[in-house]
$ cat input11.cif   # mmCIF, C-alpha atoms and all ligand atoms
data_coords
loop_
_atom_site.label_atom_id
_atom_site.label_comp_id
_atom_site.auth_asym_id
_atom_site.auth_seq_id
_atom_site.Cartn_x
_atom_site.Cartn_y
_atom_site.Cartn_z
CA MET A 1 13.46 12.08 -28.62
CA ASP A 2 10.44 11.89 -26.33
CA TRP A 3 10.77 9.77 -23.13
CA LYS A 4 7.84 7.62 -24.31
CA GLU A 5 9.86 6.50 -27.34
CA ALA A 6 12.88 5.65 -25.18
CA LEU A 7 10.98 3.75 -22.46
CA PRO A 8 10.46 0.37 -24.24
CA LYS A 9 14.27 -0.18 -24.20
CA ILE A 10 14.05 -0.67 -20.41
CA ILE A 11 12.14 -3.93 -20.86
CA THR A 12 14.65 -6.72 -21.45
CA GLN A 13 13.23 -9.70 -19.53
CA PRO A 14 10.37 -12.04 -20.42
CA GLY A 15 7.41 -11.40 -18.12
CA SER A 16 8.03 -7.66 -17.79
CA ARG A 17 5.41 -5.53 -19.52
CA LEU A 18 4.81 -1.95 -20.65
CA ARG A 19 1.53 -0.29 -21.54
CA PHE A 20 0.66 3.32 -22.35
CA ALA A 21 -2.48 5.21 -21.26
CA GLU A 22 -3.22 2.63 -18.56
CA PRO A 23 -6.35 3.28 -16.42
CA LEU A 24 -5.13 3.25 -12.82
CA ALA A 25 -8.64 2.65 -11.46
CA LYS A 26 -8.14 -1.03 -12.24
CA HIS A 27 -4.93 -1.11 -10.17
CA THR A 28 -6.44 0.36 -6.99
CA TYR A 29 -8.83 -1.12 -4.42
CA PHE A 30 -10.81 2.13 -4.58
CA GLY A 31 -11.46 1.57 -8.30
CA ILE A 32 -10.96 5.30 -8.83
CA GLY A 33 -8.54 7.37 -10.92
CA GLY A 34 -7.56 8.37 -14.42
CA GLU A 35 -4.80 7.02 -16.64
CA ALA A 36 -1.06 6.77 -16.08
CA THR A 37 0.91 7.93 -19.11
CA ALA A 38 2.75 4.60 -18.88
CA TYR A 39 2.49 1.52 -16.68
CA MET A 40 5.19 -1.11 -16.26
CA GLU A 41 5.33 -4.48 -14.56
CA VAL A 42 8.97 -5.06 -13.77
CA ASN A 43 10.46 -8.47 -13.10
CA THR A 44 14.13 -7.93 -12.21
CA VAL A 45 16.43 -5.66 -10.20
CA ASN A 46 18.38 -4.80 -13.35
CA GLU A 47 15.29 -3.47 -15.13
CA LEU A 48 14.29 -1.57 -12.01
CA ALA A 49 17.78 -0.02 -11.83
CA ALA A 50 17.51 0.97 -15.51
CA LEU A 51 14.16 2.58 -14.70
CA ALA A 52 15.71 4.50 -11.78
CA ARG A 53 18.36 5.89 -14.12
CA PHE A 54 15.69 6.63 -16.76
CA HIS A 55 13.76 8.60 -14.14
CA LYS A 56 16.84 10.71 -13.45
CA GLN A 57 17.89 11.11 -17.09
CA TRP A 58 14.46 12.13 -18.43
CA ASP A 59 13.15 13.78 -15.26
CA VAL A 60 9.87 11.88 -15.59
CA PRO A 61 7.80 11.17 -12.45
CA ILE A 62 7.69 7.51 -11.39
CA ALA A 63 5.40 6.01 -8.75
CA VAL A 64 5.73 2.48 -7.44
CA ILE A 65 2.26 1.02 -7.00
CA GLY A 66 1.96 -2.01 -4.75
CA ARG A 67 -1.54 -3.48 -4.70
CA GLY A 68 -3.10 -0.01 -4.67
CA SER A 69 -4.91 -0.79 -1.43
CA ASN A 70 -3.93 2.46 0.27
CA LEU A 71 -4.03 4.76 -2.71
CA LEU A 72 -6.33 7.46 -4.09
CA VAL A 73 -5.47 8.34 -7.71
CA SER A 74 -6.62 11.68 -9.10
CA ASP A 75 -9.39 11.82 -11.72
CA ALA A 76 -6.83 13.40 -14.08
CA GLY A 77 -4.56 10.37 -13.64
CA PHE A 78 -0.79 10.36 -13.25
CA LYS A 79 1.48 12.12 -15.76
CA GLY A 80 4.31 9.68 -15.38
CA ILE A 81 5.16 5.99 -15.09
CA GLY A 82 3.34 3.69 -12.67
CA VAL A 83 5.46 0.66 -11.75
CA ARG A 84 4.50 -2.66 -10.24
CA LEU A 85 7.08 -5.16 -8.96
CA ILE A 86 6.46 -8.75 -10.05
CA GLY A 87 8.37 -12.02 -10.61
CA LYS A 88 11.82 -12.03 -8.98
CA LEU A 89 10.87 -8.81 -7.17
CA ALA A 90 8.02 -10.69 -5.46
CA LYS A 91 10.13 -13.62 -4.16
CA LEU A 92 9.70 -15.49 -0.88
CA GLU A 93 12.65 -17.46 0.58
CA VAL A 94 12.74 -19.13 3.97
CA ASP A 95 15.94 -20.10 5.81
CA GLY A 96 15.10 -21.27 9.34
CA ASP A 97 13.40 -18.37 11.07
CA VAL A 98 14.84 -15.80 8.63
CA VAL A 99 12.53 -14.96 5.72
CA SER A 100 13.55 -12.94 2.63
CA VAL A 101 10.70 -11.24 0.84
CA GLY A 102 10.50 -9.17 -2.33
CA ALA A 103 8.53 -5.93 -2.16
CA GLY A 104 6.05 -7.18 -4.79
CA LEU A 105 4.93 -10.16 -2.67
CA SER A 106 1.32 -10.14 -1.49
CA LEU A 107 0.92 -9.71 2.26
CA PRO A 108 -1.95 -12.25 2.61
CA ARG A 109 0.17 -14.79 0.72
CA LEU A 110 3.09 -14.16 3.11
CA SER A 111 0.79 -14.57 6.11
CA LYS A 112 -0.69 -17.86 4.83
CA THR A 113 2.68 -19.33 3.81
CA MET A 114 4.25 -18.48 7.17
CA SER A 115 1.40 -20.09 9.09
CA ARG A 116 1.87 -23.29 7.06
CA ARG A 117 5.61 -23.18 7.82
CA GLY A 118 5.00 -22.72 11.56
CA LEU A 119 6.49 -19.22 11.70
CA SER A 120 4.73 -16.63 13.82
CA GLY A 121 4.74 -12.82 13.54
CA VAL A 122 2.63 -11.98 10.48
CA GLU A 123 -0.71 -13.56 11.46
CA PHE A 124 -2.24 -10.06 11.59
CA ALA A 125 -1.52 -9.54 7.86
CA LEU A 126 -3.99 -11.98 6.25
CA GLY A 127 -6.69 -9.29 6.09
CA ILE A 128 -4.41 -6.53 4.77
CA PRO A 129 -4.63 -6.70 0.97
CA GLY A 130 -1.33 -4.92 0.23
CA SER A 131 2.15 -5.84 -0.95
CA VAL A 132 5.24 -6.17 1.23
CA GLY A 133 6.55 -2.89 -0.27
CA GLY A 134 3.35 -1.04 0.64
CA ALA A 135 3.40 -2.59 4.12
CA LEU A 136 6.99 -1.41 4.63
CA ILE A 137 6.27 2.12 3.40
CA MET A 138 3.09 2.37 5.53
CA ASN A 139 4.27 0.20 8.46
CA ALA A 140 0.90 -1.51 8.02
CA GLY A 141 -0.57 -3.22 11.03
CA ALA A 142 -3.55 -4.48 12.97
CA TRP A 143 -4.44 -5.95 16.35
CA GLY A 144 -1.48 -4.29 18.08
CA SER A 145 1.15 -5.58 15.61
CA SER A 146 2.89 -3.67 12.83
CA PHE A 147 4.89 -4.97 9.89
CA GLY A 148 8.01 -3.11 11.06
CA ASP A 149 8.03 -5.23 14.26
CA VAL A 150 9.25 -8.30 12.34
CA VAL A 151 11.68 -6.50 10.00
CA ARG A 152 15.40 -7.11 10.42
CA ASN A 153 16.64 -5.29 7.28
CA VAL A 154 15.10 -3.42 4.37
CA THR A 155 16.62 -3.19 0.88
CA VAL A 156 15.95 0.02 -1.00
CA MET A 157 17.03 1.32 -4.39
CA THR A 158 18.44 4.81 -4.84
CA ASP A 159 17.65 6.98 -7.85
CA THR A 160 21.01 5.97 -9.36
CA GLY A 161 19.87 2.34 -9.31
CA GLU A 162 22.05 1.17 -6.38
CA LEU A 163 20.73 -1.22 -3.77
CA VAL A 164 21.26 -0.19 -0.15
CA GLU A 165 20.55 -2.37 2.86
CA LEU A 166 19.08 -0.51 5.84
CA THR A 167 18.88 -1.73 9.41
CA HIS A 168 15.55 -1.83 11.24
CA ALA A 169 16.50 1.43 13.02
CA GLU A 170 17.40 3.16 9.74
CA ALA A 171 13.94 2.38 8.31
CA ASN A 172 12.42 4.75 10.93
CA PHE A 173 9.19 2.83 11.47
CA GLU A 174 6.45 4.81 13.20
CA TYR A 175 2.67 4.43 13.45
CA ARG A 176 1.52 3.95 9.80
CA HIS A 177 4.67 5.64 8.55
CA SER A 178 8.31 4.90 7.77
CA GLY A 179 11.28 6.83 6.42
CA LEU A 180 11.44 4.55 3.36
CA ASP A 181 9.63 6.86 0.94
CA ALA A 182 12.83 8.94 0.81
CA TYR A 183 14.23 6.35 -1.67
CA PHE A 184 13.39 5.60 -5.31
CA CYS A 185 11.91 2.23 -4.37
CA VAL A 186 11.77 -0.43 -1.69
CA THR A 187 12.82 -3.78 -3.19
CA GLY A 188 12.51 -6.17 -0.25
CA ALA A 189 13.27 -7.07 3.34
CA THR A 190 14.47 -9.80 5.64
CA LEU A 191 12.12 -10.68 8.47
CA THR A 192 12.77 -12.50 11.72
CA LEU A 193 9.82 -14.66 12.70
CA GLU A 194 9.24 -16.85 15.75
CA PRO A 195 9.06 -20.66 15.26
CA GLY A 196 5.83 -22.09 16.71
CA ASP A 197 3.05 -24.63 16.34
CA VAL A 198 1.38 -24.64 12.88
CA ASP A 199 -2.16 -25.15 14.27
CA THR A 200 -1.82 -22.42 16.92
CA ILE A 201 -0.44 -19.91 14.37
CA THR A 202 -3.12 -20.80 11.81
CA GLU A 203 -5.94 -20.46 14.35
CA ARG A 204 -4.60 -17.07 15.47
CA MET A 205 -4.39 -15.88 11.85
CA GLN A 206 -7.92 -17.11 11.05
CA ALA A 207 -9.32 -15.52 14.25
CA PHE A 208 -7.86 -12.11 13.31
CA TYR A 209 -9.28 -12.45 9.81
CA LYS A 210 -12.77 -13.42 11.02
CA GLN A 211 -12.82 -10.49 13.44
CA LYS A 212 -11.78 -8.11 10.65
CA VAL A 213 -14.44 -9.34 8.24
CA ALA A 214 -17.06 -9.02 10.99
CA THR A 215 -16.17 -5.42 11.88
CA GLN A 216 -15.00 -3.83 8.61
CA PRO A 217 -16.59 -3.48 5.16
CA PHE A 218 -15.24 -5.97 2.63
CA ALA A 219 -17.85 -6.00 -0.15
CA GLU A 220 -17.47 -2.45 -1.48
CA GLU A 221 -14.41 -0.83 -3.03
CA ASN A 222 -12.36 1.14 -0.47
CA ALA A 223 -8.78 1.91 0.56
CA GLY A 224 -8.83 0.68 4.15
CA CYS A 225 -8.83 3.23 6.96
CA MET A 226 -9.00 6.73 5.52
CA PHE A 227 -7.64 8.47 8.65
CA LYS A 228 -4.90 7.68 11.17
CA ASN A 229 -6.08 7.06 14.70
CA PRO A 230 -5.25 10.09 16.89
CA ALA A 231 -3.14 9.18 19.98
CA GLY A 232 -5.28 7.26 22.48
CA ASP A 233 -8.44 7.38 20.34
CA SER A 234 -9.99 5.86 17.25
CA ALA A 235 -10.82 7.84 14.12
CA GLY A 236 -13.80 5.51 13.51
CA ARG A 237 -15.26 6.34 16.95
CA LEU A 238 -14.86 10.10 16.36
CA ILE A 239 -16.54 9.85 12.95
CA ASP A 240 -19.32 7.76 14.49
CA ILE A 241 -20.06 10.21 17.36
CA SER A 242 -20.00 13.05 14.84
CA GLY A 243 -23.01 11.39 13.19
CA LEU A 244 -21.28 10.81 9.86
CA LYS A 245 -21.83 7.09 9.24
CA GLY A 246 -23.72 6.72 5.96
CA TYR A 247 -22.99 10.36 4.93
CA ARG A 248 -22.61 10.55 1.18
CA ILE A 249 -21.09 12.92 -1.37
CA GLY A 250 -21.52 11.91 -5.02
CA GLY A 251 -20.66 8.21 -5.26
CA ALA A 252 -18.57 8.15 -2.04
CA GLU A 253 -20.08 7.17 1.29
CA VAL A 254 -18.90 6.77 4.90
CA SER A 255 -19.34 3.08 5.71
CA THR A 256 -22.19 2.26 8.08
CA VAL A 257 -20.14 -0.75 9.30
CA HIS A 258 -16.97 1.19 10.26
CA GLY A 259 -16.84 4.99 10.13
CA ASN A 260 -13.16 5.16 9.16
CA PHE A 261 -13.82 3.55 5.76
CA ILE A 262 -14.94 5.58 2.75
CA LEU A 263 -16.65 3.42 0.15
CA ASN A 264 -16.90 3.84 -3.59
CA ILE A 265 -20.52 2.82 -3.80
CA ASP A 266 -21.55 4.36 -7.12
CA ASN A 267 -18.78 5.33 -9.56
CA ALA A 268 -17.23 7.77 -7.08
CA THR A 269 -14.64 10.20 -8.38
CA ALA A 270 -11.48 11.16 -6.51
CA GLU A 271 -13.10 14.59 -6.13
CA ASP A 272 -16.12 13.01 -4.35
CA VAL A 273 -13.73 11.23 -1.97
CA LEU A 274 -11.69 14.37 -1.22
CA ASN A 275 -14.85 16.43 -0.66
CA LEU A 276 -16.07 13.77 1.77
CA VAL A 277 -12.66 13.72 3.51
CA ALA A 278 -12.79 17.51 3.94
CA HIS A 279 -16.38 17.34 5.27
CA ILE A 280 -15.45 14.64 7.81
CA GLN A 281 -12.39 16.57 8.97
CA GLN A 282 -14.40 19.77 9.41
CA GLN A 283 -17.31 18.05 11.24
CA VAL A 284 -15.06 16.02 13.56
CA ARG A 285 -13.00 19.15 14.39
CA GLU A 286 -16.19 21.09 15.15
CA LYS A 287 -17.72 18.35 17.31
CA THR A 288 -14.61 17.00 19.11
CA GLY A 289 -11.82 19.56 18.60
CA ILE A 290 -9.63 16.84 17.01
CA SER A 291 -7.99 17.23 13.58
CA LEU A 292 -7.96 13.93 11.68
CA GLN A 293 -4.97 13.24 9.44
CA THR A 294 -5.37 11.04 6.36
CA GLU A 295 -3.63 7.66 6.14
CA VAL A 296 -4.43 6.97 2.46
CA LYS A 297 -1.72 8.15 0.03
CA ARG A 298 -2.54 10.30 -3.01
CA LEU A 299 -1.16 10.05 -6.54
CA GLY A 300 -1.51 12.51 -9.40
CA PHE A 301 -2.64 15.55 -7.38
CA ASP A 302 -0.61 18.79 -7.66
C1 LIG A 401 -10.10 -3.78 2.76
C2 LIG A 401 -8.82 -3.16 3.26
C3 LIG A 401 -8.38 -3.41 4.54
C4 LIG A 401 -7.21 -2.83 5.02
N1 LIG A 401 -6.80 -3.09 6.30
C5 LIG A 401 -5.65 -2.56 6.76
C6 LIG A 401 -5.19 -2.82 8.09
O1 LIG A 401 -5.80 -3.58 8.85
N2 LIG A 401 -4.04 -2.24 8.49
C7 LIG A 401 -3.31 -1.42 7.69
O2 LIG A 401 -2.26 -0.92 8.12
N3 LIG A 401 -3.73 -1.13 6.44
C8 LIG A 401 -4.85 -1.68 5.95
N4 LIG A 401 -5.27 -1.40 4.67
C9 LIG A 401 -4.49 -0.46 3.84
C10 LIG A 401 -3.42 -1.12 2.95
O3 LIG A 401 -3.76 -2.46 2.65
C11 LIG A 401 -2.03 -1.06 3.59
O4 LIG A 401 -1.61 0.25 3.83
C12 LIG A 401 -0.98 -1.75 2.67
O5 LIG A 401 0.23 -1.88 3.34
C13 LIG A 401 -0.73 -0.95 1.38
O6 LIG A 401 0.02 -1.77 0.52
P1 LIG A 401 -0.10 -1.63 -1.06
O7 LIG A 401 0.88 -2.56 -1.67
O8 LIG A 401 -1.49 -1.79 -1.50
O9 LIG A 401 0.39 -0.13 -1.23
P2 LIG A 401 -0.18 0.94 -2.28
O10 LIG A 401 -1.55 1.35 -1.88
O11 LIG A 401 0.00 0.44 -3.67
O12 LIG A 401 0.83 2.14 -2.03
C14 LIG A 401 0.86 2.82 -0.79
C15 LIG A 401 2.09 3.74 -0.81
O13 LIG A 401 3.26 2.96 -0.80
C16 LIG A 401 4.06 3.24 -1.94
N5 LIG A 401 4.70 1.99 -2.35
C17 LIG A 401 4.11 0.78 -2.50
N6 LIG A 401 5.05 -0.15 -2.79
C18 LIG A 401 6.24 0.49 -2.83
C19 LIG A 401 7.60 0.08 -3.08
N7 LIG A 401 7.93 -1.18 -3.34
N8 LIG A 401 8.57 1.03 -3.04
C20 LIG A 401 8.26 2.31 -2.76
N9 LIG A 401 7.02 2.77 -2.52
C21 LIG A 401 6.02 1.86 -2.55
C22 LIG A 401 3.11 3.81 -2.98
O14 LIG A 401 3.78 4.64 -3.91
C23 LIG A 401 2.14 4.59 -2.08
O15 LIG A 401 2.70 5.84 -1.72
C24 LIG A 401 -6.45 -1.97 4.18
C25 LIG A 401 -6.89 -1.73 2.87
C26 LIG A 401 -8.06 -2.32 2.41
C27 LIG A 401 -8.52 -2.04 1.00
#

$ encode --input "input11.cif" --output "structure tokens"
Amino acid sequence: MDWKEALPKIITQPGSRLRFAEPLAKHTYFGIGGEATAYMEVNTVNELAALARFHKQWDVPIAVIGRGSNLLVSDAGFKGIGVRLIGKLAKLEVDGDVVSVGAGLSLPRLSKTMSRRGLSGVEFALGIPGSVGGALIMNAGAWGSSFGDVVRNVTVMTDTGELVELTHAEANFEYRHSGLDAYFCVTGATLTLEPGDVDTITERMQAFYKQKVATQPFAEENAGCMFKNPAGDSAGRLIDISGLKGYRIGGAEVSTVHGNFILNIDNATAEDVLNLVAHIQQQVREKTGISLQTEVKRLGFD
């Protein structure tokens, strides 16, 4: 039997869904990429555990896709199963200053709900259009704060479907990186936030958001910052002084608002984006001697 015939048995709960030949462009902020052989929206831990065992049994590649806001999918697509965590895997529970979040929860929703509850620590996250899982994997951050700063524990699933709780230290948070991609999947976390005044927290969150909208492109499709900031410098500044703002290859262009954003302005392909990335890296190295490393993750490339 082919794995595609066996896969529908994984879905047991209402709300969970399976589709074949799913265009991944519609699941990424870049709006780029070919089809996944299969795409599942999974509602419960039990189904996710069954999927982990399926992955092992059939040796089929599986990629968890959060909101696709830090992802470049290849033009050839992904020969495997793309998985999105929804429903019970996107929960939000508050007990005093301890908050339990599912990996599928939207980061802006978390930020807004916490401000209304008078809990401080995730005000920076309103303008980051990812999921909690993506923010844990990437240690997403802005304005001097990172998601890992507020994390007490992380729950991950192994490829045998077991849940393991990791301490903050075991998650190995670094600048735009964590050790969590060593596991099959991140399922959630507990956060410790600081009680505070609702109005003060809300104003702080809104101020961060306004500043972001004023300094970064929001209208065109993109995947956030393409490159990590080198120690003590900013990738955007290096791209700017290298004269690359507005530089275009195919349908992909370096934003004129912020040099570290590559925009899909006219049906860009993943190849256009990667050619532009290579051009930027080569030009910046030539002009400044600094090698830029990409922050955006890739899916479906060999
Ligand atoms: C307009 C815009 C602004 C942005 N601004 C910021 C910013 O200020 N700061 C910042 O840090 N980032 C920013 N980003 C980038 C992005 O939003 C963050 O990196 C975010 O945390 C990614 O989350 P996601 O759910 O979209 O992850 P995805 O892009 O879906 O995935 C990213 C990686 O995480 C993996 N992954 C996702 N969920 C899980 C899971 N549950 N288990 C295991 N692996 C998982 C994926 O396989 C992939 O490797 C921005 C992006 C955009 C489009």

$ axis_aligned_box --input "input11.cif" --around "ligand LIG 401 (chain A)" --padding-each-side "6 Å" --output "AutoDock Vina command-line options"
--center_x -0.8 --center_y 1.0 --center_z 2.5 --size_x 30.7 --size_y 21.6 --size_z 24.8

$ residues_around --input "input11.cif" --residues "range 19-30 of chain A" --least-positions-apart "5" --cutoff "10 Å" --atoms "only C-alpha atoms" --output "ChimeraX atom specification"
/A:4,8,35-41,65-75,77-79,81-82,84,129-130,220-224,262-265,267-270,273

$ closest_residue --input "input11.cif" --among "A:Ser131, A:Ile290, A:Met157, A:Ala76" --to "Gly34 in chain A" --atoms "all atoms listed in the file"
A:Ala76

$ residues_around --input "input11.cif" --residues "Ile201 in chain A" --least-positions-apart "4" --cutoff "8 Å" --atoms "only C-alpha atoms" --output "list in words"
Ser115, Gly118, Leu119, Ser120, Glu123, Gly196, Asp197 and Met205 of chain A

$ residues_around --input "input11.cif" --residues "Met138 in chain A" --least-positions-apart "2" --cutoff "12 Å" --atoms "all atoms listed in the file" --output "ChimeraX atom specification"
/A:66,69-71,128,130-136,140-141,146-148,171-181,186,228,295-297

$ closest_residue --input "input11.cif" --among "A:Ala252, A:Val150, A:Cys225, A:Ala90" --to "Gly188 in chain A" --atoms "all atoms listed in the file"
A:Ala90

$ residues_around --input "input11.cif" --residues "range 229-235 of chain A" --least-positions-apart "5" --cutoff "9 Å" --atoms "all atoms listed in the file" --output "count of residues only"
8

$ closest_residue --input "input11.cif" --among "A:Leu299, A:Leu51, A:Leu92, A:Ile10" --to "ligand LIG 401 (chain A)" --atoms "only C-alpha atoms and all ligand atoms"
A:Leu299

$ atom_distance --input "input11.cif" --atom1 "CA of Val60 in chain A" --atom2 "atom C24 of ligand LIG 401 (chain A)"
29.1 Å

$ residues_near_point --input "input11.cif" --point "(-2.7, -14.9, 2.0)" --cutoff "10 Å" --atoms "only C-alpha atoms" --output "ChimeraX atom specification"
/A:106-115,123,125-129

$ atom_distance --input "input11.cif" --atom1 "atom C19 of ligand LIG 401 (chain A)" --atom2 "CA of Ser100 in chain A"
15.4 Å

$ residues_near_point --input "input11.cif" --point "(9.4, -9.2, -18.8)" --cutoff "12 Å" --atoms "only C-alpha atoms" --output "list of chain:residue names"
A:Pro8, A:Lys9, A:Ile10, A:Ile11, A:Thr12, A:Gln13, A:Pro14, A:Gly15, A:Ser16, A:Arg17, A:Leu18, A:Met40, A:Glu41, A:Val42, A:Asn43, A:Thr44, A:Val45, A:Asn46, A:Glu47, A:Leu48, A:Arg84, A:Leu85, A:Ile86, A:Gly87, A:Lys88, A:Leu89

$ closest_residue --input "input11.cif" --among "A:Leu244, A:Val213, A:Leu193, A:Val254" --to "ligand LIG 401 (chain A)" --atoms "only C-alpha atoms and all ligand atoms"
A:Val213

$ closest_residue --input "input11.cif" --among "A:Ala142, A:Val151, A:Cys185, A:Ile241" --to "Gly104 in chain A" --atoms "all atoms listed in the file"
A:Cys185

$ atom_distance --input "input11.cif" --atom1 "CA of Ile62 in chain A" --atom2 "CA of Glu93 in chain A"
28.1 Å

$ closest_residue --input "input11.cif" --among "A:Ala169, A:Ile137, A:Ala278, A:Val284" --to "ligand LIG 401 (chain A)" --atoms "only C-alpha atoms and all ligand atoms"
A:Ile137

$ decode --input "input11.cif" --residues "range 125-132 of chain A" --atoms "all heavy atoms" --output "JSON list (two decimals), in the first residue's frame"
[["chain", "number", "residue", "atom", "x", "y", "z"],
["A", 125, "ALA", "N", 4.99, 41.41, 20.25],
["A", 125, "ALA", "CA", 4.61, 40.36, 19.29],
["A", 125, "ALA", "C", 3.40, 40.71, 18.42],
["A", 125, "ALA", "O", 3.07, 39.95, 17.51],
["A", 125, "ALA", "CB", 4.35, 39.05, 20.03],
["A", 126, "LEU", "N", 2.75, 41.86, 18.65],
["A", 126, "LEU", "CA", 1.56, 42.17, 17.85],
["A", 126, "LEU", "C", 1.87, 42.24, 16.35],
["A", 126, "LEU", "O", 1.10, 41.81, 15.52],
["A", 126, "LEU", "CB", 0.93, 43.49, 18.33],
["A", 126, "LEU", "CG", -0.33, 43.93, 17.60],
["A", 126, "LEU", "CD1", -1.45, 42.90, 17.76],
["A", 126, "LEU", "CD2", -0.83, 45.29, 18.10],
["A", 127, "GLY", "N", 3.06, 42.75, 16.02],
["A", 127, "GLY", "CA", 3.41, 42.92, 14.60],
["A", 127, "GLY", "C", 4.16, 41.74, 14.00],
["A", 127, "GLY", "O", 4.71, 41.84, 12.90],
["A", 128, "ILE", "N", 4.20, 40.63, 14.72],
["A", 128, "ILE", "CA", 4.90, 39.44, 14.19],
["A", 128, "ILE", "C", 3.84, 38.40, 13.81],
["A", 128, "ILE", "O", 3.23, 37.78, 14.67],
["A", 128, "ILE", "CB", 5.91, 38.85, 15.21],
["A", 128, "ILE", "CG1", 6.88, 39.94, 15.69],
["A", 128, "ILE", "CG2", 6.64, 37.65, 14.61],
["A", 128, "ILE", "CD1", 7.93, 39.46, 16.67],
["A", 129, "PRO", "N", 3.59, 38.22, 12.50],
["A", 129, "PRO", "CA", 2.41, 37.46, 12.08],
["A", 129, "PRO", "C", 2.57, 35.94, 12.10],
["A", 129, "PRO", "O", 2.07, 35.23, 11.23],
["A", 129, "PRO", "CB", 2.18, 37.97, 10.65],
["A", 129, "PRO", "CG", 3.55, 38.30, 10.17],
["A", 129, "PRO", "CD", 4.34, 38.77, 11.36],
["A", 130, "GLY", "N", 3.30, 35.42, 13.11],
["A", 130, "GLY", "CA", 3.55, 33.98, 13.16],
["A", 130, "GLY", "C", 2.66, 33.27, 14.16],
["A", 130, "GLY", "O", 1.75, 33.85, 14.74],
["A", 131, "SER", "N", 2.97, 31.99, 14.36],
["A", 131, "SER", "CA", 2.31, 31.19, 15.39],
["A", 131, "SER", "C", 3.26, 31.08, 16.58],
["A", 131, "SER", "O", 4.46, 31.37, 16.46],
["A", 131, "SER", "CB", 2.03, 29.78, 14.85],
["A", 131, "SER", "OG", 3.27, 29.12, 14.58],
["A", 132, "VAL", "N", 2.72, 30.60, 17.70],
["A", 132, "VAL", "CA", 3.57, 30.37, 18.87],
["A", 132, "VAL", "C", 4.67, 29.34, 18.53],
["A", 132, "VAL", "O", 5.83, 29.53, 18.90],
["A", 132, "VAL", "CB", 2.70, 29.90, 20.06],
["A", 132, "VAL", "CG1", 3.54, 29.23, 21.14],
["A", 132, "VAL", "CG2", 1.92, 31.08, 20.63]]
